[in-house]
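**Student:** Contents of my_file_1.pdb (PDB, C-alpha atoms):
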```pdb
MODEL        1
ATOM      1  CA  MET A 784      -9.396  19.898   8.343
ATOM      2  CA  ASP A 785      -7.870  19.959   4.857
ATOM      3  CA  ASN A 786      -7.485  23.272   3.047
ATOM      4  CA  ILE A 787      -8.815  23.046  -0.517
ATOM      5  CA  THR A 788      -8.838  25.895  -3.037
ATOM      6  CA  TYR A 789     -10.666  25.822  -6.368
ATOM      7  CA  PHE A 790      -9.164  27.802  -9.240
ATOM      8  CA  PRO A 791     -11.843  28.634 -11.839
ATOM      9  CA  PRO A 792     -11.089  28.088 -15.533
ATOM     10  CA  LYS A 793      -9.328  30.797 -17.486
ATOM     11  CA  GLY A 794     -10.004  31.372 -21.155
ATOM     12  CA  LYS A 795     -11.709  28.830 -23.395
ATOM     13  CA  GLY A 796     -12.859  25.371 -22.475
ATOM     14  CA  SER A 797     -13.815  23.847 -19.153
ATOM     15  CA  SER A 798     -10.380  23.631 -17.552
ATOM     16  CA  LYS A 799     -10.251  23.547 -13.784
ATOM     17  CA  ARG A 800      -7.668  23.018 -11.079
ATOM     18  CA  VAL A 801      -8.124  22.226  -7.397
ATOM     19  CA  VAL A 802      -5.172  22.633  -5.041
ATOM     20  CA  SER A 803      -5.343  21.155  -1.548
ATOM     21  CA  THR A 804      -3.180  21.151   1.548
ATOM     22  CA  PRO A 805      -3.984  18.058   3.612
ATOM     23  CA  GLY A 806      -4.116  18.291   7.375
ATOM     24  CA  ALA A 807      -1.845  16.305   9.677
ATOM     25  CA  GLU A 808      -4.407  13.525  10.196
ATOM     26  CA  THR A 809      -4.938  13.085   6.450
ATOM     27  CA  ARG A 810      -1.178  12.927   5.836
ATOM     28  CA  LYS A 811      -0.787  10.345   8.568
ATOM     29  CA  ILE A 812      -3.608   8.035   7.485
ATOM     30  CA  PHE A 813      -4.550   8.457   3.833
ATOM     31  CA  LEU A 814      -3.290   8.657   0.310
ATOM     32  CA  TYR A 815      -4.125  12.267  -0.492
ATOM     33  CA  ALA A 816      -4.462  14.686  -3.410
ATOM     34  CA  GLN A 817      -2.199  17.731  -3.579
ATOM     35  CA  GLU A 818      -3.552  19.049  -6.864
ATOM     36  CA  THR A 819      -6.073  17.670  -9.302
ATOM     37  CA  GLY A 820      -7.456  19.075 -12.507
ATOM     38  CA  TYR A 821      -8.931  18.820 -15.965
ATOM     39  CA  LEU A 822      -7.381  20.708 -18.867
ATOM     40  CA  GLU A 823      -9.228  21.259 -22.144
ATOM     41  CA  ASN A 824      -7.802  22.818 -25.320
ATOM     42  CA  ASP A 825      -4.708  23.402 -23.280
ATOM     43  CA  GLN A 826      -1.031  23.448 -24.211
ATOM     44  CA  THR A 827       0.184  22.949 -20.638
ATOM     45  CA  HIS A 828       3.679  21.498 -20.433
ATOM     46  CA  PHE A 829       4.414  19.517 -17.265
ATOM     47  CA  ALA A 830       7.998  19.256 -16.066
ATOM     48  CA  GLY A 831       9.784  18.614 -12.823
ATOM     49  CA  GLY A 832      12.245  16.478 -10.981
ATOM     50  CA  THR A 833      12.561  17.700  -7.407
ATOM     51  CA  ALA A 834       9.106  17.259  -5.835
ATOM     52  CA  ASN A 835       8.461  14.532  -3.288
ATOM     53  CA  ASN A 836       5.191  13.286  -4.784
ATOM     54  CA  PHE A 837       3.677  11.353  -7.678
ATOM     55  CA  MET A 838       1.583  12.273 -10.690
ATOM     56  CA  LEU A 839      -1.144  10.452 -12.586
ATOM     57  CA  LEU A 840      -1.965  11.929 -15.986
ATOM     58  CA  TYR A 841      -4.798  10.535 -18.121
ATOM     59  CA  VAL A 842      -5.160  11.560 -21.768
ATOM     60  CA  VAL A 843      -8.869  12.049 -22.462
ATOM     61  CA  ASN A 844      -8.164  13.056 -26.049
ATOM     62  CA  SER A 845      -5.289  14.152 -28.289
ATOM     63  CA  PHE A 846      -1.623  13.161 -28.363
ATOM     64  CA  GLY A 847       1.566  13.904 -26.518
ATOM     65  CA  LYS A 848       4.744  12.386 -25.187
ATOM     66  CA  VAL A 849       6.503  11.954 -21.885
ATOM     67  CA  ILE A 850      10.241  11.911 -21.292
ATOM     68  CA  PHE A 851      10.994  10.064 -18.083
ATOM     69  CA  ASP A 852      13.785   7.963 -16.662
ATOM     70  CA  GLY A 853      15.878   8.570 -19.773
ATOM     71  CA  LYS A 854      13.243   7.295 -22.207
ATOM     72  CA  GLU A 855      10.515   8.799 -24.380
ATOM     73  CA  TYR A 856       6.992   7.357 -24.338
ATOM     74  CA  PRO A 857       4.147   8.314 -26.712
ATOM     75  CA  LEU A 858       0.832   9.352 -25.208
ATOM     76  CA  ALA A 859      -2.553   9.001 -26.871
ATOM     77  CA  ARG A 860      -6.229   8.746 -25.972
ATOM     78  CA  ASP A 861      -6.981   6.600 -22.887
ATOM     79  CA  LYS A 862      -3.306   6.338 -21.949
ATOM     80  CA  LEU A 863      -2.356   6.856 -18.307
ATOM     81  CA  ILE A 864       1.100   7.655 -17.023
ATOM     82  CA  LEU A 865       2.390   7.262 -13.463
ATOM     83  CA  ILE A 866       5.392   9.462 -12.633
ATOM     84  CA  ASP A 867       7.711   9.787  -9.657
ATOM     85  CA  CYS A 868       8.069  13.561  -9.505
ATOM     86  CA  SER A 869      11.390  13.364  -7.674
ATOM     87  CA  LYS A 870      12.916  12.273 -10.995
ATOM     88  CA  GLU A 871      13.281  14.565 -13.996
ATOM     89  CA  TYR A 872      10.341  14.375 -16.366
ATOM     90  CA  GLU A 873       8.596  16.270 -19.144
ATOM     91  CA  VAL A 874       5.048  15.767 -20.387
ATOM     92  CA  ILE A 875       4.502  17.525 -23.698
ATOM     93  CA  ASN A 876       1.455  18.063 -25.904
ATOM     94  CA  THR A 877       2.337  17.395 -29.549
ATOM     95  CA  THR A 878      -0.826  18.686 -31.254
ATOM     96  CA  LYS A 879      -1.681  22.144 -32.540
ATOM     97  CA  HIS A 880      -4.907  22.660 -30.625
ATOM     98  CA  GLY A 881      -3.910  21.444 -27.181
ATOM     99  CA  TRP A 882      -5.144  18.394 -25.343
ATOM    100  CA  ARG A 883      -7.801  17.208 -22.921
ATOM    101  CA  ILE A 884      -6.296  15.586 -19.864
ATOM    102  CA  LEU A 885      -7.112  14.678 -16.283
ATOM    103  CA  TYR A 886      -4.246  14.849 -13.822
ATOM    104  CA  LEU A 887      -3.573  14.239 -10.155
ATOM    105  CA  TYR A 888      -0.591  14.995  -7.942
ATOM    106  CA  PHE A 889      -0.769  12.755  -4.892
ATOM    107  CA  ASN A 890       1.224  11.390  -1.983
ATOM    108  CA  GLY A 891       0.786   9.419   1.233
ATOM    109  CA  ARG A 892       2.471   6.864   3.442
ATOM    110  CA  GLN A 893       1.901   3.992   0.999
ATOM    111  CA  ALA A 894       2.388   5.976  -2.191
ATOM    112  CA  ARG A 895       6.025   4.934  -2.651
ATOM    113  CA  ASP A 896       5.224   1.266  -2.073
ATOM    114  CA  TYR A 897       2.421   1.359  -4.639
ATOM    115  CA  TYR A 898       4.706   3.089  -7.126
ATOM    116  CA  ASN A 899       7.503   0.560  -6.680
ATOM    117  CA  LEU A 900       5.071  -2.353  -6.991
ATOM    118  CA  ILE A 901       3.485  -1.044 -10.182
ATOM    119  CA  THR A 902       6.658   0.062 -11.954
ATOM    120  CA  ARG A 903       9.021  -2.751 -10.996
ATOM    121  CA  GLY A 904       8.536  -4.207 -14.477
ATOM    122  CA  GLY A 905       9.758  -0.960 -16.040
ATOM    123  CA  SER A 906       6.364   0.269 -17.304
ATOM    124  CA  TYR A 907       5.102   3.783 -16.622
ATOM    125  CA  VAL A 908       2.457   4.188 -19.343
ATOM    126  CA  PHE A 909      -0.726   2.095 -19.305
ATOM    127  CA  SER A 910      -3.617   1.820 -21.757
ATOM    128  CA  PHE A 911      -7.216   1.820 -20.516
ATOM    129  CA  GLU A 912      -8.931   1.847 -23.890
ATOM    130  CA  GLY A 913     -12.372   0.298 -23.696
ATOM    131  CA  THR A 914     -12.919   0.997 -19.993
ATOM    132  CA  ASN A 915     -13.927   4.174 -18.173
ATOM    133  CA  THR A 916     -12.989   2.991 -14.691
ATOM    134  CA  VAL A 917      -9.805   4.996 -14.134
ATOM    135  CA  LYS A 918     -11.126   8.063 -15.941
ATOM    136  CA  SER A 919     -14.303   8.002 -13.825
ATOM    137  CA  LEU A 920     -12.300   7.710 -10.599
ATOM    138  CA  LEU A 921     -10.160  10.711 -11.544
ATOM    139  CA  TRP A 922     -13.327  12.702 -12.265
ATOM    140  CA  GLN A 923     -14.694  11.692  -8.851
ATOM    141  CA  ILE A 924     -11.514  12.857  -7.135
ATOM    142  CA  LEU A 925     -11.712  16.197  -8.937
ATOM    143  CA  SER A 926     -15.404  16.609  -8.179
ATOM    144  CA  VAL A 927     -15.257  15.777  -4.475
ATOM    145  CA  ASN A 928     -12.279  18.098  -3.926
ATOM    146  CA  GLU A 929     -13.895  20.877  -5.945
ATOM    147  CA  LYS A 930     -16.952  20.704  -3.670
ATOM    148  CA  ASN A 931     -14.730  20.576  -0.555
ATOM    149  CA  VAL A 932     -17.074  18.221   1.284
ATOM    150  CA  ASN A 933     -16.159  16.915   4.740
ATOM    151  CA  TYR A 934     -15.621  13.380   3.432
ATOM    152  CA  ALA A 935     -13.252  14.477   0.640
ATOM    153  CA  ALA A 936     -10.127  13.012   2.274
ATOM    154  CA  PRO A 937     -11.319   9.401   2.831
ATOM    155  CA  LEU A 938     -13.139   9.255  -0.512
ATOM    156  CA  THR A 939     -10.110  10.643  -2.333
ATOM    157  CA  SER A 940      -7.868   8.096  -0.622
ATOM    158  CA  LEU A 941     -10.259   5.288  -1.549
ATOM    159  CA  ASN A 942     -10.345   6.356  -5.195
ATOM    160  CA  ILE A 943      -6.566   6.783  -5.440
ATOM    161  CA  THR A 944      -6.186   3.280  -4.006
ATOM    162  CA  ARG A 945      -8.681   1.943  -6.542
ATOM    163  CA  ILE A 946      -6.806   3.612  -9.411
ATOM    164  CA  LEU A 947      -3.455   2.212  -8.292
ATOM    165  CA  THR A 948      -5.042  -1.216  -7.867
ATOM    166  CA  GLU A 949      -6.508  -0.998 -11.382
ATOM    167  CA  ILE A 950      -3.056  -0.166 -12.753
ATOM    168  CA  TYR A 951      -1.479  -3.060 -10.877
ATOM    169  CA  MET A 952      -4.164  -5.443 -12.169
ATOM    170  CA  PHE A 953      -3.414  -4.168 -15.662
ATOM    171  CA  CYS A 954       0.261  -5.046 -15.119
ATOM    172  CA  ILE A 955      -0.662  -8.541 -13.946
ATOM    173  CA  ASN A 956      -2.929  -9.088 -16.947
ATOM    174  CA  GLN A 957      -0.075  -8.140 -19.257
ATOM    175  CA  THR A 958       2.005 -10.962 -17.838
ATOM    176  CA  VAL A 959       1.431 -14.670 -18.072
ATOM    177  CA  THR A 960      -1.946 -16.019 -16.911
ATOM    178  CA  GLU A 961      -2.425 -19.367 -15.208
ATOM    179  CA  ALA A 962      -3.858 -20.904 -18.385
ATOM    180  CA  GLU A 963      -0.644 -19.985 -20.186
ATOM    181  CA  TYR A 964       1.744 -21.521 -17.651
ATOM    182  CA  PRO A 965       4.052 -24.104 -19.187
ATOM    183  CA  THR A 966       3.056 -27.628 -18.181
ATOM    184  CA  TYR A 967       6.232 -28.139 -16.185
ATOM    185  CA  ILE A 968       5.473 -25.017 -14.090
ATOM    186  CA  ASN A 969       2.049 -26.386 -13.175
ATOM    187  CA  ASN A 970       3.762 -29.688 -12.361
ATOM    188  CA  VAL A 971       6.171 -27.889 -10.035
ATOM    189  CA  PHE A 972       3.275 -26.153  -8.261
ATOM    190  CA  ALA A 973       1.548 -29.507  -7.793
ATOM    191  CA  TYR A 974       4.731 -31.195  -6.574
ATOM    192  CA  ILE A 975       5.387 -28.493  -3.957
ATOM    193  CA  ALA A 976       1.771 -28.641  -2.786
ATOM    194  CA  LYS A 977       2.075 -32.397  -2.253
ATOM    195  CA  HIS A 978       5.645 -32.651  -0.955
ATOM    196  CA  TYR A 979       6.126 -29.328   0.888
ATOM    197  CA  TYR A 980       7.153 -31.156   4.100
ATOM    198  CA  GLU A 981      10.041 -32.897   2.325
ATOM    199  CA  LYS A 982      13.377 -31.465   1.309
ATOM    200  CA  ILE A 983      12.927 -29.782  -2.088
ATOM    201  CA  THR A 984      15.675 -28.099  -4.099
ATOM    202  CA  LEU A 985      15.803 -26.337  -7.446
ATOM    203  CA  ASP A 986      18.226 -28.969  -8.734
ATOM    204  CA  GLN A 987      15.836 -31.727  -7.693
ATOM    205  CA  LEU A 988      12.882 -30.095  -9.479
ATOM    206  CA  ALA A 989      14.940 -29.472 -12.602
ATOM    207  CA  ASP A 990      16.031 -33.113 -12.735
ATOM    208  CA  LEU A 991      12.507 -34.323 -12.039
ATOM    209  CA  TYR A 992      11.042 -32.470 -15.020
ATOM    210  CA  PHE A 993      14.133 -32.571 -17.290
ATOM    211  CA  ILE A 994      14.597 -28.802 -17.373
ATOM    212  CA  ASN A 995      17.676 -26.632 -17.084
ATOM    213  CA  LYS A 996      17.620 -25.278 -13.529
ATOM    214  CA  PHE A 997      18.370 -21.700 -14.584
ATOM    215  CA  HIS A 998      15.540 -21.777 -17.110
ATOM    216  CA  LEU A 999      13.222 -23.241 -14.473
ATOM    217  CA  ALA A1000      14.163 -20.553 -11.944
ATOM    218  CA  ARG A1001      13.554 -17.791 -14.490
ATOM    219  CA  GLU A1002      10.208 -19.160 -15.712
ATOM    220  CA  PHE A1003       8.969 -19.906 -12.203
ATOM    221  CA  LYS A1004       9.704 -16.323 -11.124
ATOM    222  CA  ARG A1005       7.885 -15.046 -14.215
ATOM    223  CA  CYS A1006       4.788 -17.132 -13.486
ATOM    224  CA  ALA A1007       4.676 -17.114  -9.680
ATOM    225  CA  GLY A1008       6.171 -13.683  -9.062
ATOM    226  CA  THR A1009       8.615 -15.155  -6.558
ATOM    227  CA  THR A1010      11.481 -17.623  -6.403
ATOM    228  CA  VAL A1011      11.088 -21.386  -6.039
ATOM    229  CA  ASN A1012      12.641 -21.309  -2.579
ATOM    230  CA  GLU A1013      10.458 -18.457  -1.345
ATOM    231  CA  TYR A1014       7.357 -20.204  -2.705
ATOM    232  CA  ILE A1015       8.261 -23.394  -0.836
ATOM    233  CA  ILE A1016       8.860 -21.519   2.431
ATOM    234  CA  THR A1017       5.590 -19.600   2.096
ATOM    235  CA  THR A1018       3.711 -22.855   1.464
ATOM    236  CA  ARG A1019       5.248 -24.346   4.596
ATOM    237  CA  ILE A1020       4.392 -21.231   6.617
ATOM    238  CA  ASN A1021       0.764 -21.473   5.503
ATOM    239  CA  HIS A1022       0.551 -25.081   6.696
ATOM    240  CA  ALA A1023       2.280 -24.120   9.940
ATOM    241  CA  LYS A1024      -0.325 -21.400  10.515
ATOM    242  CA  SER A1025      -3.109 -23.918  10.098
ATOM    243  CA  LEU A1026      -1.541 -26.261  12.643
ATOM    244  CA  LEU A1027      -0.909 -23.397  15.073
ATOM    245  CA  ARG A1028      -4.569 -22.421  14.937
ATOM    246  CA  TYR A1029      -6.279 -25.770  14.732
ATOM    247  CA  SER A1030      -4.033 -28.201  16.622
ATOM    248  CA  GLU A1031      -2.284 -28.436  19.968
ATOM    249  CA  LYS A1032       0.987 -29.685  18.526
ATOM    250  CA  SER A1033       4.201 -28.153  19.816
ATOM    251  CA  ILE A1034       6.297 -25.744  17.735
ATOM    252  CA  GLY A1035       8.880 -28.497  17.280
ATOM    253  CA  GLU A1036       6.266 -30.954  16.021
ATOM    254  CA  ILE A1037       4.838 -28.370  13.631
ATOM    255  CA  ALA A1038       8.320 -27.607  12.303
ATOM    256  CA  ASP A1039       8.865 -31.290  11.598
ATOM    257  CA  LEU A1040       5.461 -31.693   9.927
ATOM    258  CA  THR A1041       5.896 -28.694   7.648
ATOM    259  CA  GLY A1042       9.417 -29.290   6.369
ATOM    260  CA  PHE A1043      11.478 -27.023   8.610
ATOM    261  CA  CYS A1044      14.666 -28.615   9.918
ATOM    262  CA  SER A1045      14.089 -27.375  13.493
ATOM    263  CA  ALA A1046      11.832 -25.271  15.676
ATOM    264  CA  SER A1047      14.313 -22.398  15.534
ATOM    265  CA  HIS A1048      14.308 -22.590  11.728
ATOM    266  CA  LEU A1049      10.501 -22.286  11.707
ATOM    267  CA  ILE A1050      10.590 -19.425  14.203
ATOM    268  CA  LYS A1051      13.166 -17.546  12.118
ATOM    269  CA  HIS A1052      11.197 -17.774   8.847
ATOM    270  CA  PHE A1053       7.831 -17.242  10.550
ATOM    271  CA  HIS A1054       8.986 -14.064  12.285
ATOM    272  CA  LYS A1055      10.563 -12.736   9.087
ATOM    273  CA  ARG A1056       7.243 -12.981   7.212
ATOM    274  CA  GLU A1057       4.680 -12.400   9.956
ATOM    275  CA  GLY A1058       6.536 -10.070  12.311
ATOM    276  CA  VAL A1059       5.672 -12.292  15.304
ATOM    277  CA  THR A1060       6.760 -15.680  16.632
ATOM    278  CA  PRO A1061       4.647 -18.816  16.006
ATOM    279  CA  LEU A1062       3.684 -18.917  19.699
ATOM    280  CA  PHE A1063       2.552 -15.299  19.662
ATOM    281  CA  TYR A1064       0.550 -16.005  16.498
ATOM    282  CA  ARG A1065      -1.112 -19.016  18.164
ATOM    283  CA  ASN A1066      -2.027 -16.985  21.253
ATOM    284  CA  GLN A1067      -3.455 -14.187  19.097
ATOM    285  CA  TRP A1068      -5.838 -16.572  17.383
ATOM    286  CA  ALA A1069      -6.672 -18.368  20.610
ATOM    287  CA  ASN A1070      -8.241 -15.142  21.872
ATOM    288  CA  LYS A1071     -10.518 -14.711  18.835
TER     289      LYS A1071
ENDMDL
END
```
Rewrite the structure from the file as structure tokens, please.
**Tutor:**
Amino acid sequence: MDNITYFPPKGKGSSKRVVSTPGAETRKIFLYAQETGYLENDQTHFAGGTANNFMLLYVVNSFGKVIFDGKEYPLARDKLILIDCSKEYEVINTTKHGWRILYLYFNGRQARDYYNLITRGGSYVFSFEGTNTVKSLLWQILSVNEKNVNYAAPLTSLNITRILTEIYMFCINQTVTEAEYPTYINNVFAYIAKHYYEKITLDQLADLYFINKFHLAREFKRCAGTTVNEYIITTRINHAKSLLRYSEKSIGEIADLTGFCSASHLIKHFHKREGVTPLFYRNQWANK
């Protein structure tokens, strides 16, 4: 059972804070809230740098700034910031009358992985102008914890996951879309799809499409989110999976058909990505 305490608003406005201490089961399974709140007409200054958790802060109205990771970022209406609270940070209101914000301190087993995934491009502030999705989810988290219902933990975890997914989708949408891929990148995708079982090198692809290999490597990573070599190996693994499930061919035959130089080479790359050997994978699916 999680312990949740509601702190009623003090002074003007509708400010509220809910502090919770998750139980052992919640900590083990879910992403969980440690404190969530809504501040109205408030001059609260957030600062830290030693806590082992993360903070989401959504500006409902007004202006402010955040100093984090050695840089200063402006905050305005419908801006959301994601902060690693183990690093020094300051979140400051810059208006006379205070601001209206929703905030959430959270943690969980996957919290660090989500944070690293979202911020690997160096962005910590995200704009959600024109959509109420993230704001509504933060309100739901506050509401369900304020009521202290028995399903607060799983619903909170679900909504935190949805928020982090929304942020990640925002990051993806800020990068190149498939329609914007250079023609030669689409050609490389098509070539790998057709010739995955052959030997393919970066030099070969660069020569084939008359592109500098370093430029090709950089642009491919930007568009595909991975390297040319890793993309080729993953494509081969996918074909190997299909053959493992839907054929009776040996591991050696599958290695040869999918572009791996030997059975041991296939086993090595398969285990690295799937955590099991090809034979174990085949037997798993045979029992389904």
**Student:** Would you compute the distance between CA of Val1059 in chain A and CA of Ala1023 in chain A? Give it in Å to one decimal.
**Tutor:**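 Between CA of Val1059 in chain A and CA of Ala1023 in chain A the gap is 13.4 Å.
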**Student:** Could you work out how far CA of Tyr907 in chain A lies from CA of Phe813 in chain A, giving the answer in Å with one decimal?
**Tutor:**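 Between these atoms lies a distance of 23.1 Å.
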**Student:** How would you write, as an mmCIF file with C-alpha atoms, in the coordinates of the input, the residues chosen by the PyMOL selection byres ((chain A and resi 875) around 12) on this structure?
**Tutor:**
```cif
data_model
loop_
_atom_site.group_PDB
_atom_site.id
_atom_site.type_symbol
_atom_site.label_atom_id
_atom_site.label_comp_id
_atom_site.auth_asym_id
_atom_site.auth_seq_id
_atom_site.Cartn_x
_atom_site.Cartn_y
_atom_site.Cartn_z
ATOM 1 C CA ASP A 825 -4.708 23.402 -23.280
ATOM 2 C CA GLN A 826 -1.031 23.448 -24.211
ATOM 3 C CA THR A 827 0.184 22.949 -20.638
ATOM 4 C CA HIS A 828 3.679 21.498 -20.433
ATOM 5 C CA PHE A 829 4.414 19.517 -17.265
ATOM 6 C CA ALA A 830 7.998 19.256 -16.066
ATOM 7 C CA LEU A 840 -1.965 11.929 -15.986
ATOM 8 C CA VAL A 842 -5.160 11.560 -21.768
ATOM 9 C CA SER A 845 -5.289 14.152 -28.289
ATOM 10 C CA PHE A 846 -1.623 13.161 -28.363
ATOM 11 C CA GLY A 847 1.566 13.904 -26.518
ATOM 12 C CA LYS A 848 4.744 12.386 -25.187
ATOM 13 C CA VAL A 849 6.503 11.954 -21.885
ATOM 14 C CA ILE A 850 10.241 11.911 -21.292
ATOM 15 C CA PHE A 851 10.994 10.064 -18.083
ATOM 16 C CA GLU A 855 10.515 8.799 -24.380
ATOM 17 C CA TYR A 856 6.992 7.357 -24.338
ATOM 18 C CA PRO A 857 4.147 8.314 -26.712
ATOM 19 C CA LEU A 858 0.832 9.352 -25.208
ATOM 20 C CA ALA A 859 -2.553 9.001 -26.871
ATOM 21 C CA TYR A 872 10.341 14.375 -16.366
ATOM 22 C CA GLU A 873 8.596 16.270 -19.144
ATOM 23 C CA VAL A 874 5.048 15.767 -20.387
ATOM 24 C CA ASN A 876 1.455 18.063 -25.904
ATOM 25 C CA THR A 877 2.337 17.395 -29.549
ATOM 26 C CA THR A 878 -0.826 18.686 -31.254
ATOM 27 C CA LYS A 879 -1.681 22.144 -32.540
ATOM 28 C CA GLY A 881 -3.910 21.444 -27.181
ATOM 29 C CA TRP A 882 -5.144 18.394 -25.343
ATOM 30 C CA ILE A 884 -6.296 15.586 -19.864
#
```
**Student:** List the residues matched by the PyMOL selection byres ((chain A and resi 866) around 6) in the displayed structure as a ChimeraX atom specification, ordered by chain and then by residue number.
**Tutor:** /A:837-838,865,867-868
**Student:** Can you measure CA of Glu823 in chain A to CA of Asn928 in chain A for me? One decimal in Å is fine.
**Tutor:**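 CA of Glu823 in chain A sits 18.7 Å away from CA of Asn928 in chain A.
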**Student:** Quick one: of A:Cys954, A:Tyr888, A:Gln987, A:Gly1058, who's nearest to Ser906 in chain A, counting all atoms listed in the file?
**Tutor:** A:Cys954
**Student:** For Phe1043 in chain A, which residue among A:Ile812, A:Val1011, A:Ile1016, A:Leu921 is the nearest when counting all atoms listed in the file?
**Tutor:** A:Ile1016
**Student:** Residues picked by the PyMOL selection byres ((chain A and resi 836) around 12) here, as an NGL selection string?
**Tutor:** :A and (814-818 or 831-835 or 837-839 or 865-870 or 887-895 or 898)
**Student:** Name the residues within 10 Å of (5.9, -25.9, -9.6), counting all atoms listed in the file in the file's coordinates, and put them as a count of residues only.
**Tutor:** 21
**Student:** Within 12 Å of Lys1004 in chain A, counting all atoms listed in the file, which residues show up once you throw out same-chain ones fewer than 6 positions away? Write them as number ranges by chain, please.
**Tutor:** A: 958-959, 964, 968, 997-998, 1010-1014
**Student:** Select, from A:Ala1000, A:Gly853, A:Thr1009, A:Ile901, the residue with the minimum atom-to-atom distance to Met952 in chain A, counting all atoms listed in the file.
**Tutor:** A:Ile901
